[in-house]
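Engineer: If it helps, the file is called query_34.txt and holds compact mmCIF, C-alpha atoms:
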# COMPACT_ATOMS: atom_id res chain seq x y z
CA MET A 163 102.90 91.74 120.55
CA SER A 164 105.52 90.50 122.99
CA ALA A 165 105.14 87.51 125.27
CA VAL A 166 104.72 89.91 128.19
CA GLY A 167 101.94 91.69 126.37
CA SER A 168 100.10 88.46 125.75
CA ILE A 169 99.76 87.84 129.52
CA ARG A 170 99.11 91.44 130.51
CA ARG A 171 95.38 91.12 130.99
CA VAL A 172 94.37 88.20 133.14
CA ASP A 173 90.78 89.46 133.41
CA GLU A 174 90.15 88.23 129.88
CA THR A 175 90.79 84.65 130.98
CA PRO A 176 87.16 83.40 131.21
CA SER A 177 86.32 84.27 127.61
CA GLN A 178 89.72 83.16 126.34
CA ALA A 179 89.53 79.88 128.26
CA ALA A 180 86.03 79.27 126.91
CA ALA A 181 87.36 79.85 123.39
CA SER A 182 90.22 77.47 124.13
CA THR A 183 87.76 74.79 125.22
CA GLN A 184 85.86 75.20 121.97
CA ASN A 185 89.05 75.03 119.90
CA LEU A 186 90.12 71.79 121.60
CA SER A 187 86.93 70.11 120.45
CA GLU A 188 87.56 71.19 116.84
CA ARG A 189 90.69 68.96 116.65
CA ILE A 190 92.39 71.23 114.09
CA PRO A 191 96.11 71.13 115.01
CA SER A 192 96.72 74.89 114.84
CA GLN A 193 93.66 75.65 116.97
CA VAL A 194 94.52 72.92 119.48
CA GLU A 195 98.05 74.28 119.80
CA TRP A 196 96.72 77.80 120.36
CA ALA A 197 94.25 76.57 122.99
CA LEU A 198 96.80 74.49 124.90
CA ALA A 199 99.32 77.34 124.95
CA ARG A 200 96.83 79.72 126.52
CA LEU A 201 95.42 77.16 128.94
CA SER A 202 98.94 76.39 130.16
CA LEU A 203 99.44 80.09 130.77
CA TYR A 204 96.09 80.66 132.50
CA THR A 205 96.23 77.63 134.78
CA GLN A 206 99.74 78.54 135.88
CA GLN A 207 98.88 82.19 136.51
CA LEU A 208 95.52 81.81 138.21
CA GLY A 209 96.10 78.70 140.34
CA ASP A 210 93.06 78.13 142.58
CA ARG A 211 91.16 80.92 140.82
CA PHE A 212 90.90 78.74 137.71
CA VAL A 213 87.70 76.75 138.39
CA LEU A 214 87.42 73.72 136.15
CA SER A 215 83.65 73.36 136.59
CA GLU A 216 83.12 76.70 134.82
CA TYR A 217 84.34 75.21 131.52
CA PRO A 218 82.24 72.14 130.67
CA GLY A 219 84.01 69.61 128.48
CA LEU A 220 87.51 70.98 129.05
CA ASP A 221 88.60 68.15 131.31
CA GLU A 222 87.32 65.47 128.95
CA SER A 223 89.03 67.09 125.95
CA LEU A 224 92.38 67.20 127.76
CA VAL A 225 92.07 63.61 128.96
CA HIS A 226 91.16 62.54 125.43
CA LEU A 227 94.46 63.90 124.09
CA ILE A 228 96.38 61.84 126.66
CA LYS A 229 94.28 58.79 125.82
CA ARG A 230 95.15 59.11 122.14
CA LEU A 231 98.87 59.20 122.91
CA SER A 232 98.59 56.18 125.19
CA LEU A 233 96.88 54.22 122.41
CA ALA A 234 99.61 55.28 119.99
CA LEU A 235 102.40 54.19 122.34
CA GLN A 236 100.70 50.86 122.93
CA GLY A 237 100.70 50.07 119.23
CA ALA A 238 96.99 50.44 118.51
CA SER A 239 95.83 50.90 114.93
CA ARG A 240 96.25 54.41 113.55
CA GLU A 241 92.51 54.86 113.05
CA THR A 242 91.95 54.79 116.82
CA TRP A 243 94.26 57.68 117.72
CA ASP A 244 95.10 59.69 114.56
CA GLN A 245 91.93 61.79 114.67
CA ASP A 246 93.12 65.32 113.88
CA ARG A 247 91.25 67.14 111.15
CA SER A 248 93.05 68.53 108.13
CA GLU A 249 94.14 72.16 108.03
CA PHE A 250 92.91 72.33 104.42
CA THR A 251 89.39 72.96 103.21
CA SER A 252 87.53 70.81 100.73
CA SER A 253 88.84 73.15 98.00
CA ASN A 254 92.44 72.34 98.95
CA PHE A 255 93.09 75.83 100.31
CA LEU A 256 94.90 76.36 103.62
CA ILE A 257 92.89 78.64 105.90
CA ASP A 258 94.72 80.91 108.32
CA GLN A 259 92.41 81.19 111.33
CA GLY A 260 94.00 84.46 112.40
CA ILE A 261 94.61 83.08 115.87
CA GLY A 262 98.35 82.73 116.19
CA ALA A 263 100.38 81.49 119.07
CA PRO A 264 101.17 83.32 122.32
CA GLY A 265 103.19 86.43 121.55
CA GLU A 266 101.83 86.75 118.02
CA ASN A 267 99.43 89.41 116.82
CA GLY A 268 96.44 87.20 116.20
CA GLY A 269 92.70 87.43 116.76
CA THR A 270 89.53 85.39 116.47
CA ASN A 271 87.37 87.83 114.50
CA LEU A 272 86.36 86.85 111.02
CA ALA A 273 87.63 90.19 109.79
CA LEU A 274 91.15 89.22 110.77
CA SER A 275 91.13 85.89 108.99
CA CYS A 276 92.67 85.58 105.58
CA VAL A 277 93.14 82.93 102.96
CA GLU A 278 96.60 81.82 101.93
CA PHE A 279 96.43 80.53 98.39
CA THR A 280 98.74 77.59 98.70
CA ARG A 281 97.96 74.04 97.83
CA PRO A 282 99.11 71.18 100.04
CA SER A 283 101.86 68.92 98.91
CA GLN A 284 100.98 65.37 98.01
CA LYS A 285 100.56 63.57 101.32
CA SER A 286 102.38 60.28 101.65
CA LYS A 287 100.82 57.33 103.41
CA ASP A 288 101.70 57.34 107.11
CA PRO A 289 103.01 54.14 108.69
CA ASP A 290 100.71 52.20 110.98
CA CYS A 291 103.02 52.53 113.98
CA PHE A 292 103.56 55.69 116.01
CA ALA A 293 106.62 57.46 114.55
CA PRO A 294 107.08 61.03 115.85
CA LEU A 295 110.57 61.24 114.35
CA SER A 296 109.35 60.76 110.79
CA VAL A 297 105.63 61.61 110.75
CA ASN A 298 104.66 65.22 111.38
CA SER A 299 101.17 64.44 112.67
CA ASP A 300 102.62 62.01 115.23
CA SER A 301 105.04 64.64 116.47
CA ILE A 302 102.17 67.11 116.79
CA LEU A 303 100.12 64.59 118.78
CA LEU A 304 103.05 64.06 121.13
CA LYS A 305 103.44 67.80 121.75
CA HIS A 306 99.70 68.26 122.27
CA ALA A 307 99.51 65.38 124.77
CA ALA A 308 102.49 66.76 126.70
CA ALA A 309 100.86 70.20 126.83
CA ALA A 310 97.52 68.68 127.90
CA ALA A 311 99.28 66.81 130.72
CA LEU A 312 100.85 70.08 131.89
CA VAL A 313 97.46 71.82 131.91
CA LEU A 314 95.85 68.95 133.84
CA ARG A 315 98.75 68.97 136.29
CA ASN A 316 98.23 72.69 136.96
CA ILE A 317 94.49 72.13 137.35
CA ALA A 318 94.93 69.18 139.73
CA LEU A 319 96.93 71.31 142.19
CA SER A 320 93.62 72.79 143.37
CA GLN A 321 91.60 70.50 145.66
CA THR A 322 88.31 71.69 144.16
CA ASN A 323 89.50 71.01 140.63
CA ALA A 324 90.92 67.63 141.68
CA VAL A 325 87.47 66.56 142.88
CA GLN A 326 85.97 67.70 139.57
CA LEU A 327 88.72 65.90 137.68
CA SER A 328 88.01 62.64 139.50
CA LEU A 329 84.49 62.69 138.02
CA VAL A 330 85.77 62.39 134.44
CA PRO A 331 84.65 58.96 133.19
CA GLY A 332 87.53 56.52 132.86
CA ILE A 333 90.28 58.92 133.93
CA LEU A 334 91.99 56.32 136.12
CA ARG A 335 91.95 53.89 133.21
CA VAL A 336 93.54 56.50 130.96
CA LEU A 337 96.22 57.31 133.54
CA CYS A 338 96.88 53.61 134.05
CA THR A 339 97.37 52.90 130.35
CA MET A 340 99.40 56.08 129.91
CA THR A 341 101.79 55.33 132.77
CA ASP A 342 102.16 51.77 131.58
CA ALA A 343 102.95 53.00 128.07
CA LEU A 344 105.39 55.68 129.23
CA PHE A 345 107.40 53.43 131.53
CA ASN A 346 107.25 50.20 129.53
CA THR A 347 107.85 51.55 126.01
CA ASP A 348 111.29 51.98 124.49
CA PHE A 349 111.78 55.74 124.21
CA THR A 350 113.36 57.19 121.12
CA SER A 351 115.46 60.34 121.20
CA GLU A 352 112.37 62.34 120.26
CA LEU A 353 110.39 60.99 123.20
CA GLU A 354 113.20 61.71 125.63
CA ILE A 355 112.54 65.43 125.05
CA TYR A 356 109.20 64.92 126.79
CA ALA A 357 110.52 63.24 129.93
CA ASP A 358 108.52 65.78 131.95
CA LEU A 359 105.40 64.08 130.62
CA ARG A 360 105.99 61.15 132.99
CA VAL A 361 106.33 63.43 136.01
CA ASN A 362 103.24 65.44 135.04
CA ILE A 363 101.17 62.26 134.68
CA LEU A 364 102.22 61.17 138.19
CA ASP A 365 101.41 64.65 139.52
CA ILE A 366 97.91 64.31 138.04
CA LEU A 367 97.60 60.89 139.66
CA GLU A 368 98.54 62.10 143.16
CA PRO A 369 95.25 63.86 144.08
CA LEU A 370 93.29 60.97 142.54
CA ALA A 371 95.30 58.14 144.10
CA SER A 372 93.35 58.18 147.37
CA ARG A 373 90.37 56.83 145.42
CA ILE A 374 92.29 53.76 144.21
CA GLN A 375 91.21 50.53 145.88
CA LEU A 376 93.67 47.66 145.80
CA SER A 377 92.57 44.05 145.42
CA ASP A 378 93.94 40.86 146.96
CA TRP A 379 96.37 40.68 144.05
CA VAL A 380 98.65 43.15 145.87
CA ARG A 381 98.62 41.13 149.08
CA ASN A 382 99.24 37.88 147.22
CA SER A 383 102.03 39.41 145.14
CA TYR A 384 103.87 41.47 147.75
CA GLY A 385 102.54 40.36 151.13
CA CYS A 386 104.78 37.30 151.49
CA VAL A 387 108.36 36.70 152.48
CA GLU A 388 110.97 36.97 149.73
CA GLY A 389 111.24 33.65 147.89
CA ALA A 390 107.95 32.21 149.15
CA ALA A 391 105.39 30.83 146.72
CA HIS A 392 102.27 32.89 146.16
CA ASP A 393 99.17 32.60 144.01
CA THR A 394 98.22 35.78 142.15
CA GLY A 395 95.13 36.45 140.11
CA SER A 396 94.47 39.16 137.57
CA PRO A 397 95.40 42.70 138.65
CA THR A 398 92.94 45.55 138.42
CA GLU A 399 93.80 48.98 137.03
CA GLY A 400 94.54 50.21 140.54
CA ASP A 401 96.80 47.20 141.13
CA GLN A 402 98.72 47.94 137.94
CA LEU A 403 99.26 51.55 139.00
CA PHE A 404 100.42 50.38 142.43
CA ALA A 405 102.85 47.91 140.86
CA LEU A 406 104.30 50.67 138.70
CA LEU A 407 104.68 53.04 141.65
CA HIS A 408 106.16 50.26 143.78
CA GLY A 409 108.71 49.54 141.07
CA LEU A 410 109.65 53.21 140.79
CA LEU A 411 110.04 53.49 144.55
CA HIS A 412 112.54 50.64 144.64
CA THR A 413 114.42 51.10 141.36
CA THR A 414 114.44 54.68 140.06
CA ASN A 415 117.43 57.00 140.43
CA ASP A 416 115.42 59.97 139.14
CA ARG A 417 114.64 62.34 142.01
CA ALA A 418 111.43 63.67 140.43
CA LEU A 419 110.05 60.19 139.80
CA LEU A 420 111.04 59.01 143.29
CA LEU A 421 109.33 62.03 144.83
CA ALA A 422 106.19 61.48 142.75
CA SER A 423 106.04 57.76 143.62
CA LEU A 424 106.39 58.53 147.35
CA ARG A 425 103.53 61.02 147.21
CA CYS A 426 101.25 58.78 145.16
CA LEU A 427 101.85 55.78 147.43
CA ARG A 428 101.13 57.96 150.45
CA ALA A 429 97.81 58.95 148.89
CA ILE A 430 96.95 55.30 148.21
CA SER A 431 97.82 54.31 151.78
CA THR A 432 95.44 56.95 153.20
CA ASN A 433 92.51 54.91 151.85
CA GLU A 434 91.43 52.71 154.76
CA GLU A 435 90.11 50.11 152.30
CA ASN A 436 93.73 49.34 151.36
CA ALA A 437 94.93 48.59 154.91
CA MET A 438 94.89 44.80 154.51
CA GLN A 439 96.80 44.99 151.21
CA LEU A 440 99.57 47.21 152.62
CA VAL A 441 100.62 45.06 155.57
CA ASP A 442 104.42 45.11 155.39
CA THR A 443 105.18 42.41 157.98
CA THR A 444 104.33 38.77 158.64
CA PRO A 445 102.91 37.51 161.98
CA GLN A 446 106.51 36.56 162.81
CA LEU A 447 107.52 40.24 162.30
CA GLU A 448 109.53 39.51 159.18
CA PRO A 449 109.56 42.05 156.33
CA THR A 450 107.59 41.08 153.23
CA ARG A 451 108.32 41.67 149.56
CA LEU A 452 106.38 44.96 149.81
CA GLY A 453 109.41 46.67 151.37
CA ILE A 454 107.84 50.14 151.55
CA THR A 455 108.67 50.65 155.22
CA SER A 456 112.29 49.65 154.82
CA ARG A 457 112.61 51.81 151.68
CA CYS A 458 111.34 54.87 153.54
CA LEU A 459 113.76 54.18 156.38
CA GLY A 460 116.56 54.01 153.84
CA LEU A 461 115.78 57.62 152.85
CA LEU A 462 115.91 59.07 156.37
CA PRO A 463 119.56 60.24 156.10
CA LEU A 464 118.68 62.62 153.23
CA THR A 465 118.61 65.66 155.51
CA GLN A 466 119.93 67.93 152.77
CA ASP A 467 116.79 67.31 150.66
CA PRO A 468 113.87 68.36 152.90
CA GLU A 469 111.27 67.92 150.15
CA LEU A 470 112.23 64.31 149.46
CA LEU A 471 112.68 63.58 153.15
CA GLU A 472 109.26 65.00 153.98
CA ALA A 473 107.60 62.75 151.38
CA ALA A 474 109.44 59.72 152.78
CA VAL A 475 108.42 60.52 156.37
CA ASP A 476 104.79 61.08 155.30
CA LEU A 477 104.67 57.66 153.64
CA LEU A 478 106.47 56.08 156.61
CA TYR A 479 103.85 57.53 158.95
CA GLN A 480 100.98 56.13 156.86
CA MET A 481 102.63 52.72 156.76
CA ALA A 482 103.35 52.74 160.52
CA ARG A 483 99.68 53.30 161.31
CA THR A 484 98.58 50.44 159.04
CA GLY A 485 98.17 47.02 160.65
CA ASP A 486 101.21 45.79 162.58
CA ASN A 487 103.70 47.70 160.45
CA ALA A 488 104.77 49.78 163.46
CA LEU A 489 106.07 46.62 165.15
CA LEU A 490 108.34 46.11 162.17
CA LEU A 491 110.39 49.15 163.17
CA GLY A 492 111.61 47.29 166.25
CA SER A 493 112.50 44.08 164.44
CA LEU A 494 114.24 45.32 161.29
CA ARG A 495 117.92 44.56 160.90
CA VAL A 496 120.58 46.36 158.93
CA SER A 497 120.31 43.86 156.08
CA ASP A 498 116.55 44.55 155.74
CA ILE A 499 116.89 48.28 154.99
CA CYS A 500 116.57 49.05 151.29
CA ASP A 501 119.37 51.32 150.06
CA HIS A 502 119.30 50.35 146.37
CA GLY A 503 122.73 51.73 145.63
CA TYR A 504 122.34 55.05 147.47
CA GLY A 505 125.54 55.73 149.38
CA THR A 506 123.64 57.89 151.87
CA GLY A 507 121.17 55.12 152.72
CA LEU A 508 120.42 54.17 156.31
CA SER A 509 122.07 50.75 156.30
CA GLN A 510 125.23 52.15 154.72
CA ARG A 511 125.36 54.93 157.34
CA VAL A 512 124.82 52.45 160.19
CA LEU A 513 127.58 50.19 158.91
CA ASN A 514 130.01 53.08 158.47
CA GLU A 515 129.27 55.27 161.48
CA HIS A 516 128.24 52.79 164.16
CA GLY A 517 130.36 49.82 163.19
CA ALA A 518 127.24 47.66 163.08
CA LYS A 519 126.87 44.26 161.48
CA GLN A 520 124.29 43.09 158.97
CA ASP A 521 122.31 41.20 161.66
CA ASP A 522 122.14 44.10 164.14
CA LEU A 523 118.83 45.82 164.87
CA VAL A 524 118.38 49.39 163.66
CA VAL A 525 116.04 50.66 166.39
CA VAL A 526 118.55 53.15 167.80
CA PRO A 527 119.64 54.58 164.39
CA ILE A 528 115.98 54.92 163.35
CA THR A 529 115.21 56.81 166.56
CA ASN A 530 118.23 59.05 166.13
CA TYR A 531 117.38 59.96 162.54
CA LEU A 532 113.71 60.58 163.33
CA ALA A 533 114.70 62.80 166.27
CA ARG A 534 117.18 64.70 164.12
CA ASN A 535 114.53 65.24 161.47
CA LEU A 536 112.12 66.88 163.92
CA GLY A 537 113.27 70.18 162.44
CA LEU A 538 112.00 69.18 159.00
CA GLY A 539 111.30 72.23 156.88
CA LYS A 540 113.98 74.27 158.64
CA THR A 541 117.64 74.71 157.80
CA VAL A 542 119.40 71.47 158.69
CA TRP A 543 123.12 70.97 159.05
CA GLU A 544 125.49 68.63 160.87
CA ARG A 545 128.15 70.08 163.21
CA ASP A 546 131.55 68.39 163.16
CA SER A 547 132.95 70.16 166.24
CA ILE A 548 131.63 71.24 169.63
CA MET A 549 130.25 74.78 169.63
CA THR A 550 131.92 77.11 172.13
CA LYS A 551 130.97 80.61 173.18
CA ASN A 552 132.76 83.37 171.30
CA THR A 553 133.94 85.79 174.00
CA SER A 554 136.54 87.64 171.94
CA ALA A 555 134.11 89.28 169.52
CA PRO A 556 133.27 92.97 170.14
CA TRP A 557 129.55 92.20 170.19
CA ALA A 558 129.88 89.29 172.69
CA SER A 559 129.01 91.48 175.71
CA THR A 560 125.70 92.50 174.15
CA LEU A 561 124.41 88.93 173.96
CA LEU A 562 122.27 87.84 176.92
CA SER A 563 122.91 84.54 178.62
CA PRO A 564 120.07 81.98 178.97
CA ALA A 565 119.66 82.95 182.64
CA GLU A 566 119.36 86.64 181.75
CA LEU A 567 116.84 85.88 179.03
CA ARG A 568 114.77 83.81 181.47
CA LEU A 569 114.80 86.60 184.10
CA ARG A 570 113.79 89.19 181.50
CA LYS A 571 110.91 87.00 180.32
CA GLU A 572 109.66 86.44 183.88
CA HIS A 573 109.86 90.16 184.65
CA SER A 574 107.87 90.98 181.50
CA LYS A 575 105.22 88.42 182.42
CA ARG A 576 104.95 89.71 186.01
CA THR A 577 104.62 93.32 184.82
CA ARG A 578 101.92 92.36 182.33
CA LYS A 579 99.93 90.63 185.07
CA GLU A 580 100.18 93.59 187.45
CA ASN A 581 98.87 95.98 184.80
CA ALA A 582 96.13 93.63 183.60
CA SER A 583 92.43 94.38 184.05
CA PRO A 584 90.19 92.10 186.19
CA GLN A 585 88.78 90.49 183.03
CA GLU A 586 92.26 89.71 181.73
CA ARG A 587 93.31 88.33 185.10
CA MET A 588 90.40 85.86 185.04
CA ARG A 589 91.68 84.57 181.72
CA TRP A 590 95.12 84.06 183.28
CA LYS A 591 93.87 82.07 186.29
CA GLU A 592 96.43 79.63 187.66
CA LEU A 593 95.79 76.45 189.65
CA THR A 594 96.45 76.54 193.36
CA ALA A 595 98.71 73.98 195.00
CA SER A 596 95.74 72.00 196.38
CA GLU A 597 93.95 71.97 193.01
CA LEU A 598 97.10 70.83 191.26
CA ASP A 599 97.60 68.07 193.83
CA GLN A 600 94.04 66.82 193.32
CA LEU A 601 94.50 66.71 189.55
CA LYS A 602 97.71 64.70 189.85
CA ARG A 603 95.83 61.97 191.73
CA LEU A 604 93.33 61.50 188.90
CA ASP A 605 93.84 59.28 185.85
CA GLU A 606 93.27 60.19 182.25
CA PRO A 607 90.86 61.01 180.69
CA LEU A 608 89.18 62.14 183.93
CA ARG A 609 92.16 64.39 184.70
CA GLY A 610 91.83 66.27 181.42
CA THR A 611 88.06 66.65 181.86
CA GLU A 612 88.41 67.95 185.41
CA TRP A 613 91.15 70.38 184.37
Would you encode the structure as structure tokens?

Structural biologist:
Amino acid sequence: MSAVGSIRRVDETPSQAAASTQNLSERIPSQVEWALARLSLYTQQLGDRFVLSEYPGLDESLVHLIKRLSLALQGASRETWDQDRSEFTSSNFLIDQGIGAPGENGGTNLALSCVEFTRPSQKSKDPDCFAPLSVNSDSILLKHAAAAALVLRNIALSQTNAVQLSLVPGILRVLCTMTDALFNTDFTSELEIYADLRVNILDILEPLASRIQLSDWVRNSYGCVEGAAHDTGSPTEGDQLFALLHGLLHTTNDRALLLASLRCLRAISTNEENAMQLVDTTPQLEPTRLGITSRCLGLLPLTQDPELLEAAVDLLYQMARTGDNALLLGSLRVSDICDHGYGTGLSQRVLNEHGAKQDDLVVVPITNYLARNLGLGKTVWERDSIMTKNTSAPWASTLLSPAELRLRKEHSKRTRKENASPQERMRWKELTASELDQLKRLDEPLRGTEW
């Protein structure tokens, strides 16, 4: 059966997904691989139609795979994370479950199963540390965790499933330990193959990040002027995630990671309980070590990347409506904008295009870039020369001038009114001159109510 044939019938998904959930709990590598392959396919195909609550235990099984990998990367003892069952029976025979991988002619009926009379080779003692390059079971665990992260990422794209996913006990703790292990562990060449795992973990975190509550540790660590002394306590799991995202925002050159950090920080900032911890300015209107506002401003010139620019503007909006951060926009100087080596950053553009100095305010450039980005989501380009009317083209005479377009629009509106019924005319009632004059004398909100 071809790969196309394996996805031909989506209506079989409920029973197949239920079987996949059961196979995940068995912890037999071949069955887990089969289940993850089909779940990846179903969650990608069905989108919002895949309802997580219809498959009890699926979310916990997927999170458990990620938890095992995080323990392995953190150097925990092998007994805590190497929990796969053997493919061999007690009689040392390898059983072919008859399942197969996507695209293979496999089934789940007992009649299709067969016994392969091969004995396992003598198994050598595995090292205590996680070694996917040399230990087959470790490599399998890595692939299974990466596939589980992809499935959870597809599931989390649905708001309903994200709410269900947030109810999994300890999921934030698992994501915290996993992100810490992925970004603070020396990657081997084998682990570099699974770089998408980091992005998928952050994509899972995004719909859950609004439930993270930051402690005073964030304010004590980042809410002071650069170089000032500060007393920090012990960070919570949410604080550790915030510190990781904050570091990515200011240091990464990877577009996917930067985009994920912007979106996760925006979700965290939407929680009103975190307003005091995300104040980005001192009472003297000096930028603090948090630097989120200035970092977002440094991304405003990226007009050729609407997706990244939209994430930066979203986070900038959330920061501007938090505390006195909006006042910071009028007091920032060129030297305060965080470019971090990006040649297209705001401060570099201001220095090059406007001939500004490091101590100059950036109010006007900020306004100009925000105004230019009003067309976000549309095609954006910069014109180097003044646009003139093309009168030499053969089709130039067929183009209407602005005045002609306005006259045509007014004529169409007048004709529509003349042919309208009495009921339609009542809907189109216009204010008389005296009524309009009375409204102009009133103040808001009374004017809006009277209108």

Engineer: A:Gln326, A:Ser299, A:Ser583, A:Asn362: which is nearest Ala418 (chain A), counting all atoms listed in the file?

Structural biologist: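 For Ala418 (chain A), the nearest of the given residues is A:Asn362.
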
Engineer: For the atom pair CA of Ser493 (chain A) and CA of Leu462 (chain A), what is the interatomic distance in Å to one decimal place?

Structural biologist: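 Calculated distance between CA of Ser493 (chain A) and CA of Leu462 (chain A) is 17.4 Å.
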
Engineer: Which polymer residues have any atom within 10 Å of an atom of region 370-385 of chain A, counting all atoms listed in the file, with same-chain residues fewer than 6 positions away left out, as number ranges by chain?

Structural biologist: A: 318, 324-325, 327-328, 333-334, 364, 391-405, 408, 425-444, 449-453

Engineer: So what do you get for CA of Leu523 (chain A) versus CA of Leu494 (chain A), distance-wise?

Structural biologist: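 Rounded to one decimal, the two atoms are 5.8 Å apart.
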
Engineer: One number please: CA of Arg211 (chain A) to CA of Arg360 (chain A), in Å, one decimal.

Structural biologist: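 Taking CA of Arg211 (chain A) as the start and CA of Arg360 (chain A) as the end point, the length is 25.9 Å.
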
Engineer: Given the point (114.0, 50.3, 162.2) in the file's coordinates, find the residues that have an atom at most 6 Å from it, counting all atoms listed in the file, and give them as a short mmCIF file (atom, residue, chain, number, x, y, z; two decimals) with C-alpha atoms, keeping the file's coordinate frame.

Structural biologist:
data_model
loop_
_atom_site.label_atom_id
_atom_site.label_comp_id
_atom_site.auth_asym_id
_atom_site.auth_seq_id
_atom_site.Cartn_x
_atom_site.Cartn_y
_atom_site.Cartn_z
CA LEU A 491 110.39 49.15 163.17
CA GLY A 492 111.61 47.29 166.25
CA LEU A 494 114.24 45.32 161.29
CA VAL A 524 118.38 49.39 163.66
CA VAL A 525 116.04 50.66 166.39
CA ILE A 528 115.98 54.92 163.35
#

Engineer: Using all atoms listed in the file, which of the listed residues (A:Thr529, A:Ser301, A:Ser320, A:Thr455) sits closest to Ile499 (chain A)?

Structural biologist: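 Among A:Thr529, A:Ser301, A:Ser320, A:Thr455, it is A:Thr455 that comes nearest to Ile499 (chain A).
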
Engineer: For Thr242 (chain A), which residue out of A:Arg230, A:Lys591, A:Lys579, A:His573 is the nearest one, using all atoms listed in the file?

Structural biologist: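 Nearest to Thr242 (chain A): A:Arg230.
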
Engineer: Considering only C-alpha atoms, can you say which of A:Ile366, A:Tyr217, A:Leu459, A:Leu344 comes closest to Asp476 (chain A)?

Structural biologist: A:Leu459

Engineer: For Ser202 (chain A), which residue among A:Ala482, A:Leu421, A:Ile317, A:Ile454 is the nearest when counting all atoms listed in the file?

Structural biologist: A:Ile317

Engineer: Identify which of the residues A:Met340, A:Ala357, A:Ile363, A:Ala234 lies closest to Leu303 (chain A), counting only C-alpha atoms when measuring atom-to-atom distances.

Structural biologist: A:Ala234
